[in-house]
$ cat coords_28.cif   # mmCIF, C-alpha atoms and all ligand atoms; chains and numbers go by the auth columns
data_upload
#
loop_
_atom_site.group_PDB
_atom_site.id
_atom_site.type_symbol
_atom_site.label_atom_id
_atom_site.label_comp_id
_atom_site.label_asym_id
_atom_site.label_seq_id
_atom_site.Cartn_x
_atom_site.Cartn_y
_atom_site.Cartn_z
_atom_site.B_iso_or_equiv
_atom_site.auth_seq_id
_atom_site.auth_asym_id
ATOM 1 C CA MET A 1 -46.806 36.305 1.618 0.00 1 A
ATOM 2 C CA ARG A 2 -44.239 33.760 0.497 0.00 2 A
ATOM 3 C CA ARG A 3 -46.140 32.828 -2.672 0.00 3 A
ATOM 4 C CA CYS A 4 -46.731 36.457 -3.482 0.00 4 A
ATOM 5 C CA CYS A 5 -42.950 36.929 -3.299 0.00 5 A
ATOM 6 C CA ARG A 6 -42.597 33.956 -5.644 0.00 6 A
ATOM 7 C CA TRP A 7 -44.803 35.686 -8.225 0.00 7 A
ATOM 8 C CA PHE A 8 -42.657 38.780 -8.083 0.00 8 A
ATOM 9 C CA ARG A 9 -39.486 36.667 -8.286 0.00 9 A
ATOM 10 C CA ARG A 10 -40.741 34.975 -11.448 0.00 10 A
ATOM 11 C CA HIS A 11 -41.583 38.278 -13.068 0.00 11 A
ATOM 12 C CA ARG A 12 -38.465 40.151 -11.991 0.00 12 A
ATOM 13 C CA ASP A 13 -36.329 37.823 -14.099 0.00 13 A
ATOM 14 C CA ALA A 14 -38.086 38.785 -17.292 0.00 14 A
ATOM 15 C CA GLY A 15 -35.011 40.930 -17.946 0.00 15 A
ATOM 16 C CA PRO A 16 -34.202 44.554 -17.364 0.00 16 A
ATOM 17 C CA PRO A 17 -36.638 46.992 -18.918 0.00 17 A
ATOM 18 C CA ALA A 18 -35.600 48.323 -22.293 0.00 18 A
ATOM 19 C CA ARG A 19 -36.494 51.858 -21.335 0.00 19 A
ATOM 20 C CA ARG A 20 -37.286 53.842 -18.271 0.00 20 A
ATOM 21 C CA GLN A 21 -40.534 52.535 -16.927 0.00 21 A
ATOM 22 C CA PRO A 22 -42.285 54.645 -14.379 0.00 22 A
ATOM 23 C CA GLY A 23 -44.585 52.559 -12.238 0.00 23 A
ATOM 24 C CA VAL A 24 -47.102 53.505 -9.655 0.00 24 A
ATOM 25 C CA VAL A 25 -46.848 51.501 -6.471 0.00 25 A
ATOM 26 C CA GLU A 26 -49.994 52.227 -4.588 0.00 26 A
ATOM 27 C CA GLY A 27 -50.148 52.710 -0.846 0.00 27 A
ATOM 28 C CA PHE A 28 -46.635 52.396 0.506 0.00 28 A
ATOM 29 C CA ARG A 29 -47.934 52.308 4.053 0.00 29 A
ATOM 30 C CA ASP A 30 -47.467 48.574 4.120 0.00 30 A
ATOM 31 C CA ARG A 31 -43.912 47.504 4.918 0.00 31 A
ATOM 32 C CA HIS A 32 -44.127 44.456 2.652 0.00 32 A
ATOM 33 C CA VAL A 33 -45.186 46.534 -0.351 0.00 33 A
ATOM 34 C CA ARG A 34 -42.482 49.054 0.431 0.00 34 A
ATOM 35 C CA ARG A 35 -39.809 46.375 0.716 0.00 35 A
ATOM 36 C CA ARG A 36 -40.826 44.593 -2.489 0.00 36 A
ATOM 37 C CA GLY A 37 -41.416 47.788 -4.443 0.00 37 A
ATOM 38 C CA LEU A 38 -38.071 49.250 -3.464 0.00 38 A
ATOM 39 C CA ALA A 39 -36.293 45.931 -4.026 0.00 39 A
ATOM 40 C CA ARG A 40 -37.661 45.943 -7.558 0.00 40 A
ATOM 41 C CA LEU A 41 -36.361 49.463 -8.140 0.00 41 A
ATOM 42 C CA ALA A 42 -32.962 48.512 -6.730 0.00 42 A
ATOM 43 C CA ARG A 43 -32.674 45.520 -9.061 0.00 43 A
ATOM 44 C CA HIS A 44 -33.552 47.443 -12.207 0.00 44 A
ATOM 45 C CA PRO A 45 -31.674 50.721 -12.576 0.00 45 A
ATOM 46 C CA GLY A 46 -33.925 51.606 -15.533 0.00 46 A
ATOM 47 C CA LEU A 47 -37.040 51.698 -13.362 0.00 47 A
ATOM 48 C CA GLU A 48 -38.593 54.736 -11.817 0.00 48 A
ATOM 49 C CA GLY A 49 -41.157 54.263 -9.067 0.00 49 A
ATOM 50 C CA ILE A 50 -43.971 56.521 -8.007 0.00 50 A
ATOM 51 C CA VAL A 51 -46.192 56.048 -4.995 0.00 51 A
ATOM 52 C CA LEU A 52 -49.534 57.726 -5.267 0.00 52 A
ATOM 53 C CA ASP A 53 -51.224 57.975 -1.893 0.00 53 A
ATOM 54 C CA LEU A 54 -52.808 60.472 0.432 0.00 54 A
ATOM 55 C CA PRO A 55 -50.295 62.898 1.957 0.00 55 A
ATOM 56 C CA HIS A 56 -49.849 60.848 5.157 0.00 56 A
ATOM 57 C CA ALA A 57 -47.959 58.093 3.303 0.00 57 A
ATOM 58 C CA GLY A 58 -45.327 60.336 1.705 0.00 58 A
ATOM 59 C CA PRO A 59 -42.749 60.855 4.457 0.00 59 A
ATOM 60 C CA GLY A 60 -42.410 57.154 5.338 0.00 60 A
ATOM 61 C CA ALA A 61 -42.119 56.135 1.693 0.00 61 A
ATOM 62 C CA ARG A 62 -39.529 58.834 0.941 0.00 62 A
ATOM 63 C CA ALA A 63 -37.466 57.878 3.989 0.00 63 A
ATOM 64 C CA ALA A 64 -37.490 54.197 2.978 0.00 64 A
ATOM 65 C CA ALA A 65 -36.369 55.051 -0.573 0.00 65 A
ATOM 66 C CA ALA A 66 -33.636 57.384 0.692 0.00 66 A
ATOM 67 C CA ALA A 67 -32.353 54.693 3.066 0.00 67 A
ATOM 68 C CA ARG A 68 -31.792 52.450 0.019 0.00 68 A
ATOM 69 C CA GLY A 69 -30.195 55.210 -2.028 0.00 69 A
ATOM 70 C CA LEU A 70 -33.134 55.200 -4.445 0.00 70 A
ATOM 71 C CA ASP A 71 -34.398 58.727 -3.949 0.00 71 A
ATOM 72 C CA ASP A 72 -33.219 59.809 -7.420 0.00 72 A
ATOM 73 C CA ARG A 73 -35.609 57.292 -9.045 0.00 73 A
ATOM 74 C CA PHE A 74 -38.434 57.392 -6.585 0.00 74 A
ATOM 75 C CA THR A 75 -41.224 59.890 -6.028 0.00 75 A
ATOM 76 C CA ALA A 76 -43.958 59.844 -3.405 0.00 76 A
ATOM 77 C CA GLU A 77 -46.774 61.801 -4.973 0.00 77 A
ATOM 78 C CA PRO A 78 -49.598 62.984 -2.788 0.00 78 A
ATOM 79 C CA GLY A 79 -52.821 62.738 -4.748 0.00 79 A
ATOM 80 C CA ASP A 80 -56.248 61.269 -5.194 0.00 80 A
ATOM 81 C CA PHE A 81 -56.761 58.239 -7.398 0.00 81 A
ATOM 82 C CA PHE A 82 -60.318 59.390 -8.058 0.00 82 A
ATOM 83 C CA SER A 83 -58.953 62.478 -9.813 0.00 83 A
ATOM 84 C CA GLU A 84 -55.770 61.552 -11.602 0.00 84 A
ATOM 85 C CA ILE A 85 -53.141 58.844 -11.554 0.00 85 A
ATOM 86 C CA PRO A 86 -49.540 59.521 -12.654 0.00 86 A
ATOM 87 C CA ARG A 87 -48.746 57.977 -16.016 0.00 87 A
ATOM 88 C CA GLY A 88 -46.783 54.745 -16.024 0.00 88 A
ATOM 89 C CA ASP A 89 -46.122 51.382 -17.679 0.00 89 A
ATOM 90 C CA LEU A 90 -47.081 49.249 -14.698 0.00 90 A
ATOM 91 C CA LEU A 91 -49.763 50.360 -12.260 0.00 91 A
ATOM 92 C CA LEU A 92 -49.907 48.272 -9.095 0.00 92 A
ATOM 93 C CA LEU A 93 -53.030 48.273 -6.967 0.00 93 A
ATOM 94 C CA LYS A 94 -52.642 46.129 -3.872 0.00 94 A
ATOM 95 C CA TYR A 95 -55.570 45.914 -1.434 0.00 95 A
ATOM 96 C CA ILE A 96 -57.085 49.022 -2.962 0.00 96 A
ATOM 97 C CA LEU A 97 -60.253 47.889 -4.733 0.00 97 A
ATOM 98 C CA HIS A 98 -61.673 45.898 -1.812 0.00 98 A
ATOM 99 C CA ASP A 99 -61.970 49.189 0.098 0.00 99 A
ATOM 100 C CA TRP A 100 -64.447 50.555 -2.416 0.00 100 A
ATOM 101 C CA LYS A 101 -67.914 49.980 -3.851 0.00 101 A
ATOM 102 C CA ASP A 102 -68.212 49.073 -7.529 0.00 102 A
ATOM 103 C CA GLU A 103 -68.872 52.628 -8.752 0.00 103 A
ATOM 104 C CA ASN A 104 -65.713 53.865 -7.007 0.00 104 A
ATOM 105 C CA CYS A 105 -63.657 50.954 -8.335 0.00 105 A
ATOM 106 C CA LEU A 106 -64.814 51.758 -11.865 0.00 106 A
ATOM 107 C CA ARG A 107 -63.519 55.296 -11.471 0.00 107 A
ATOM 108 C CA ILE A 108 -60.144 54.172 -10.086 0.00 108 A
ATOM 109 C CA LEU A 109 -59.727 51.593 -12.850 0.00 109 A
ATOM 110 C CA ALA A 110 -60.781 54.000 -15.603 0.00 110 A
ATOM 111 C CA ASN A 111 -58.208 56.497 -14.292 0.00 111 A
ATOM 112 C CA CYS A 112 -55.606 53.691 -14.372 0.00 112 A
ATOM 113 C CA ARG A 113 -56.520 52.896 -17.978 0.00 113 A
ATOM 114 C CA ASP A 114 -56.137 56.562 -18.914 0.00 114 A
ATOM 115 C CA ALA A 115 -52.768 56.726 -17.133 0.00 115 A
ATOM 116 C CA LEU A 116 -51.234 53.691 -18.865 0.00 116 A
ATOM 117 C CA HIS A 117 -48.489 54.187 -21.398 0.00 117 A
ATOM 118 C CA PRO A 118 -48.987 52.164 -24.608 0.00 118 A
ATOM 119 C CA GLY A 119 -48.224 48.505 -23.901 0.00 119 A
ATOM 120 C CA GLY A 120 -48.654 48.978 -20.162 0.00 120 A
ATOM 121 C CA ARG A 121 -50.743 46.994 -17.723 0.00 121 A
ATOM 122 C CA VAL A 122 -52.575 47.229 -14.439 0.00 122 A
ATOM 123 C CA VAL A 123 -51.674 44.661 -11.782 0.00 123 A
ATOM 124 C CA ILE A 124 -54.196 44.107 -8.998 0.00 124 A
ATOM 125 C CA THR A 125 -53.512 42.050 -5.883 0.00 125 A
ATOM 126 C CA GLU A 126 -56.632 41.165 -3.925 0.00 126 A
ATOM 127 C CA ILE A 127 -58.433 38.332 -2.190 0.00 127 A
ATOM 128 C CA VAL A 128 -60.468 36.491 -4.841 0.00 128 A
ATOM 129 C CA MET A 129 -63.556 34.682 -3.577 0.00 129 A
ATOM 130 C CA ASP A 130 -64.323 31.368 -5.219 0.00 130 A
ATOM 131 C CA ASP A 131 -67.582 29.373 -5.134 0.00 131 A
ATOM 132 C CA ARG A 132 -66.839 27.921 -1.724 0.00 132 A
ATOM 133 C CA PRO A 133 -64.745 30.569 0.000 0.00 133 A
ATOM 134 C CA THR A 134 -62.795 29.423 3.028 0.00 134 A
ATOM 135 C CA GLY A 135 -60.100 30.880 5.259 0.00 135 A
ATOM 136 C CA ILE A 136 -59.776 34.604 5.626 0.00 136 A
ATOM 137 C CA GLY A 137 -61.951 35.473 2.588 0.00 137 A
ATOM 138 C CA PRO A 138 -65.437 35.432 4.177 0.00 138 A
ATOM 139 C CA LEU A 139 -64.150 37.203 7.296 0.00 139 A
ATOM 140 C CA MET A 140 -62.524 39.948 5.226 0.00 140 A
ATOM 141 C CA ASP A 141 -65.698 40.206 3.131 0.00 141 A
ATOM 142 C CA LEU A 142 -67.752 40.828 6.257 0.00 142 A
ATOM 143 C CA GLY A 143 -65.125 43.240 7.587 0.00 143 A
ATOM 144 C CA MET A 144 -65.104 45.282 4.361 0.00 144 A
ATOM 145 C CA LEU A 145 -68.915 45.361 4.324 0.00 145 A
ATOM 146 C CA THR A 146 -69.165 46.682 7.862 0.00 146 A
ATOM 147 C CA ALA A 147 -66.145 49.013 7.697 0.00 147 A
ATOM 148 C CA ALA A 148 -66.547 50.476 4.226 0.00 148 A
ATOM 149 C CA GLY A 149 -69.733 49.131 2.654 0.00 149 A
ATOM 150 C CA SER A 150 -67.466 47.369 0.164 0.00 150 A
ATOM 151 C CA ARG A 151 -66.613 43.725 -0.472 0.00 151 A
ATOM 152 C CA GLU A 152 -64.202 41.016 -1.489 0.00 152 A
ATOM 153 C CA ARG A 153 -64.919 39.884 -5.058 0.00 153 A
ATOM 154 C CA SER A 154 -64.909 36.826 -7.271 0.00 154 A
ATOM 155 C CA LEU A 155 -62.860 36.706 -10.462 0.00 155 A
ATOM 156 C CA ALA A 156 -66.091 37.164 -12.467 0.00 156 A
ATOM 157 C CA GLN A 157 -66.841 40.316 -10.465 0.00 157 A
ATOM 158 C CA PHE A 158 -63.326 41.652 -11.122 0.00 158 A
ATOM 159 C CA ASP A 159 -63.832 40.908 -14.823 0.00 159 A
ATOM 160 C CA THR A 160 -67.067 42.908 -14.811 0.00 160 A
ATOM 161 C CA LEU A 161 -65.304 45.857 -13.161 0.00 161 A
ATOM 162 C CA LEU A 162 -62.390 45.639 -15.585 0.00 162 A
ATOM 163 C CA SER A 163 -64.583 45.571 -18.650 0.00 163 A
ATOM 164 C CA GLY A 164 -66.668 48.479 -17.287 0.00 164 A
ATOM 165 C CA ALA A 165 -63.439 50.477 -17.082 0.00 165 A
ATOM 166 C CA GLY A 166 -62.250 49.580 -20.575 0.00 166 A
ATOM 167 C CA LEU A 167 -59.784 46.944 -19.412 0.00 167 A
ATOM 168 C CA ARG A 168 -59.443 43.229 -20.074 0.00 168 A
ATOM 169 C CA ARG A 169 -57.951 40.554 -17.832 0.00 169 A
ATOM 170 C CA VAL A 170 -54.942 38.811 -19.405 0.00 170 A
ATOM 171 C CA ALA A 171 -53.743 36.804 -16.399 0.00 171 A
ATOM 172 C CA ALA A 172 -54.796 35.727 -12.921 0.00 172 A
ATOM 173 C CA THR A 173 -52.035 34.153 -10.850 0.00 173 A
ATOM 174 C CA PRO A 174 -52.995 32.613 -7.503 0.00 174 A
ATOM 175 C CA VAL A 175 -50.440 33.438 -4.846 0.00 175 A
ATOM 176 C CA GLN A 176 -51.008 32.711 -1.179 0.00 176 A
ATOM 177 C CA PRO A 177 -54.680 31.582 -1.074 0.00 177 A
ATOM 178 C CA PRO A 178 -57.031 33.397 -1.265 0.00 178 A
ATOM 179 C CA TYR A 179 -54.853 36.108 -2.844 0.00 179 A
ATOM 180 C CA VAL A 180 -54.616 36.412 -6.617 0.00 180 A
ATOM 181 C CA VAL A 181 -52.545 38.721 -8.823 0.00 181 A
ATOM 182 C CA ILE A 182 -54.736 39.917 -11.708 0.00 182 A
ATOM 183 C CA GLU A 183 -53.181 41.548 -14.756 0.00 183 A
ATOM 184 C CA ALA A 184 -55.204 43.671 -17.135 0.00 184 A
ATOM 185 C CA VAL A 185 -54.614 45.692 -20.292 0.00 185 A
ATOM 186 C CA PRO A 186 -56.710 48.275 -22.115 0.00 186 A
ATOM 187 C CA VAL A 187 -59.328 46.819 -24.439 0.00 187 A
HETATM 188 C C1 LIG B . -55.931 49.193 2.359 0.00 201 B
HETATM 189 S S1 LIG B . -54.615 50.356 2.155 0.00 201 B
HETATM 190 C C2 LIG B . -53.560 49.441 1.123 0.00 201 B
HETATM 191 C C3 LIG B . -52.180 49.928 1.287 0.00 201 B
HETATM 192 C C4 LIG B . -51.102 49.083 0.609 0.00 201 B
HETATM 193 N N1 LIG B . -51.272 49.063 -0.832 0.00 201 B
HETATM 194 C C5 LIG B . -51.046 47.689 1.160 0.00 201 B
HETATM 195 O O1 LIG B . -50.948 46.769 0.376 0.00 201 B
HETATM 196 O O2 LIG B . -51.047 47.519 2.379 0.00 201 B
HETATM 197 C C6 LIG B . -55.345 51.580 1.081 0.00 201 B
HETATM 198 C C7 LIG B . -54.416 52.741 0.730 0.00 201 B
HETATM 199 O O3 LIG B . -55.109 53.609 -0.157 0.00 201 B
HETATM 200 C C8 LIG B . -54.798 54.945 0.217 0.00 201 B
HETATM 201 N N2 LIG B . -55.872 55.821 -0.262 0.00 201 B
HETATM 202 C C9 LIG B . -57.131 55.935 0.230 0.00 201 B
HETATM 203 N N3 LIG B . -57.852 56.823 -0.482 0.00 201 B
HETATM 204 C C10 LIG B . -57.022 57.281 -1.468 0.00 201 B
HETATM 205 C C11 LIG B . -57.207 58.212 -2.530 0.00 201 B
HETATM 206 N N4 LIG B . -58.376 58.829 -2.745 0.00 201 B
HETATM 207 N N5 LIG B . -56.160 58.432 -3.382 0.00 201 B
HETATM 208 C C12 LIG B . -54.975 57.790 -3.181 0.00 201 B
HETATM 209 N N6 LIG B . -54.734 56.883 -2.185 0.00 201 B
HETATM 210 C C13 LIG B . -55.758 56.640 -1.324 0.00 201 B
HETATM 211 C C14 LIG B . -54.704 54.885 1.735 0.00 201 B
HETATM 212 O O4 LIG B . -54.021 56.002 2.254 0.00 201 B
HETATM 213 C C15 LIG B . -53.972 53.569 1.935 0.00 201 B
HETATM 214 O O5 LIG B . -52.573 53.720 1.903 0.00 201 B
#

$ encode --input "coords_28.cif" --output "structure tokens"
Amino acid sequence: MRRCCRWFRRHRDAGPPARRQPGVVEGFRDRHVRRRGLARLARHPGLEGIVLDLPHAGPGARAAAAARGLDDRFTAEPGDFFSEIPRGDLLLLKYILHDWKDENCLRILANCRDALHPGGRVVITEIVMDDRPTGIGPLMDLGMLTAAGSRERSLAQFDTLLSGAGLRRVAATPVQPPYVVIEAVPV
């Protein structure tokens, strides 16, 4: 996770946001996501954070935000990303798409596109399989296939999903291999 942290460090210094920027931080179950997401909110008083997840994730996320004194700028919203995603400038999807088959991913991504404020972007963190995948990639791919009928994807496969949802990749930053942070904007 160290390199992933590096990516966030680089981007956090882009300067404080000029206006209030709601962001959706998906799936706060993970302690790392929670720590980084809340740290980002703490650093930028102009940010508002929303977690969209199933109802089970709400109490833990709210408690973590309250413990940091961030509850006035943080909302844990129970919901379904197949129906509607809260509007925001930055929509973060970490380890979400690999849980789902292509048709489901297209729906999630299209809902993200519809939820973006003008000038906003979707940021996806996932394993990206290259031509000769090594390490945890193939194992995770097999695991996702057996557990959910889904898969880990190559960058070309992410591009196909993005374009099917009316989005376009503008950056792909490798973090800790085989993880990549993909940024996309509406076409
Ligand atoms: C693999 S976990 C990833 C969690 C977290 N982002 C992380 O990095 O560890 C997938 C998350 O998606 C949430 N989830 C599953 N179905 C959902 C749905 N239909 N709408 C919103 N969230 C959902 C789960 O509750 C879970 O927190």

$ resolve_selection --input "coords_28.cif" --expression "the PyMOL selection byres (((chain A and resi 107) around 12) and not hetatm)" --output "list in words"
Asp80, Phe81, Phe82, Ser83, Glu84, Ile85, Leu97, Trp100, Lys101, Asp102, Glu103, Asn104, Cys105, Leu106, Ile108, Leu109, Ala110, Asn111, Cys112, Arg113, Asp114, Leu161, Leu162, Gly164, Ala165 and Gly166 of chain A

$ atom_distance --input "coords_28.cif" --atom1 "atom N6 of ligand LIG 201 (chain B)" --atom2 "CA of Gly79 in chain A"
6.7 Å

$ axis_aligned_box --input "coords_28.cif" --around "ligand LIG 201 (chain B)" --padding-each-side "8 Å" --output "lines of an AutoDock Vina configuration file"
center_x = -54.7
center_y = 52.8
center_z = -0.5
size_x = 23.4
size_y = 28.1
size_z = 21.8

$ closest_residue --input "coords_28.cif" --among "A:Gly37, A:Pro78, A:Pro59, A:Gly46" --to "ligand LIG 201 (chain B)" --atoms "all atoms listed in the file"
A:Pro78

$ closest_residue --input "coords_28.cif" --among "A:Ala39, A:Ala172, A:Leu52, A:Val122" --to "Arg68 in chain A" --atoms "only C-alpha atoms"
A:Ala39

$ decode --input "coords_28.cif" --residues "range 141-172 of chain A" --atoms "C-alpha atoms" --output "mmCIF file, in the first residue's frame"
data_model
loop_
_atom_site.group_PDB
_atom_site.id
_atom_site.type_symbol
_atom_site.label_atom_id
_atom_site.label_comp_id
_atom_site.auth_asym_id
_atom_site.auth_seq_id
_atom_site.Cartn_x
_atom_site.Cartn_y
_atom_site.Cartn_z
ATOM 1 C CA ASP A 141 -8.535 -13.384 -11.065
ATOM 2 C CA LEU A 142 -9.294 -17.008 -10.249
ATOM 3 C CA GLY A 143 -10.747 -16.017 -6.874
ATOM 4 C CA MET A 144 -13.087 -13.436 -8.435
ATOM 5 C CA LEU A 145 -14.172 -15.947 -11.090
ATOM 6 C CA THR A 146 -15.074 -18.608 -8.552
ATOM 7 C CA ALA A 147 -16.527 -16.257 -5.918
ATOM 8 C CA ALA A 148 -18.454 -13.829 -8.096
ATOM 9 C CA GLY A 149 -18.198 -14.919 -11.726
ATOM 10 C CA SER A 150 -16.216 -11.725 -12.286
ATOM 11 C CA ARG A 151 -12.581 -11.016 -13.120
ATOM 12 C CA GLU A 152 -9.475 -8.899 -12.864
ATOM 13 C CA ARG A 153 -9.015 -6.845 -16.043
ATOM 14 C CA SER A 154 -6.354 -5.481 -18.347
ATOM 15 C CA LEU A 155 -6.086 -1.766 -19.071
ATOM 16 C CA ALA A 156 -7.619 -2.402 -22.522
ATOM 17 C CA GLN A 157 -10.590 -4.097 -20.846
ATOM 18 C CA PHE A 158 -11.021 -1.141 -18.468
ATOM 19 C CA ASP A 159 -10.891 1.186 -21.479
ATOM 20 C CA THR A 160 -13.657 -0.802 -23.171
ATOM 21 C CA LEU A 161 -15.814 -0.576 -20.036
ATOM 22 C CA LEU A 162 -15.130 3.141 -19.676
ATOM 23 C CA SER A 163 -16.015 3.934 -23.254
ATOM 24 C CA GLY A 164 -19.183 1.797 -22.998
ATOM 25 C CA ALA A 165 -20.218 3.985 -20.064
ATOM 26 C CA GLY A 166 -19.470 7.277 -21.801
ATOM 27 C CA LEU A 167 -16.155 7.827 -20.041
ATOM 28 C CA ARG A 168 -12.591 8.207 -21.268
ATOM 29 C CA ARG A 169 -9.365 7.306 -19.481
ATOM 30 C CA VAL A 170 -7.094 10.319 -18.912
ATOM 31 C CA ALA A 171 -4.494 8.718 -16.638
ATOM 32 C CA ALA A 172 -3.318 5.349 -15.361
#
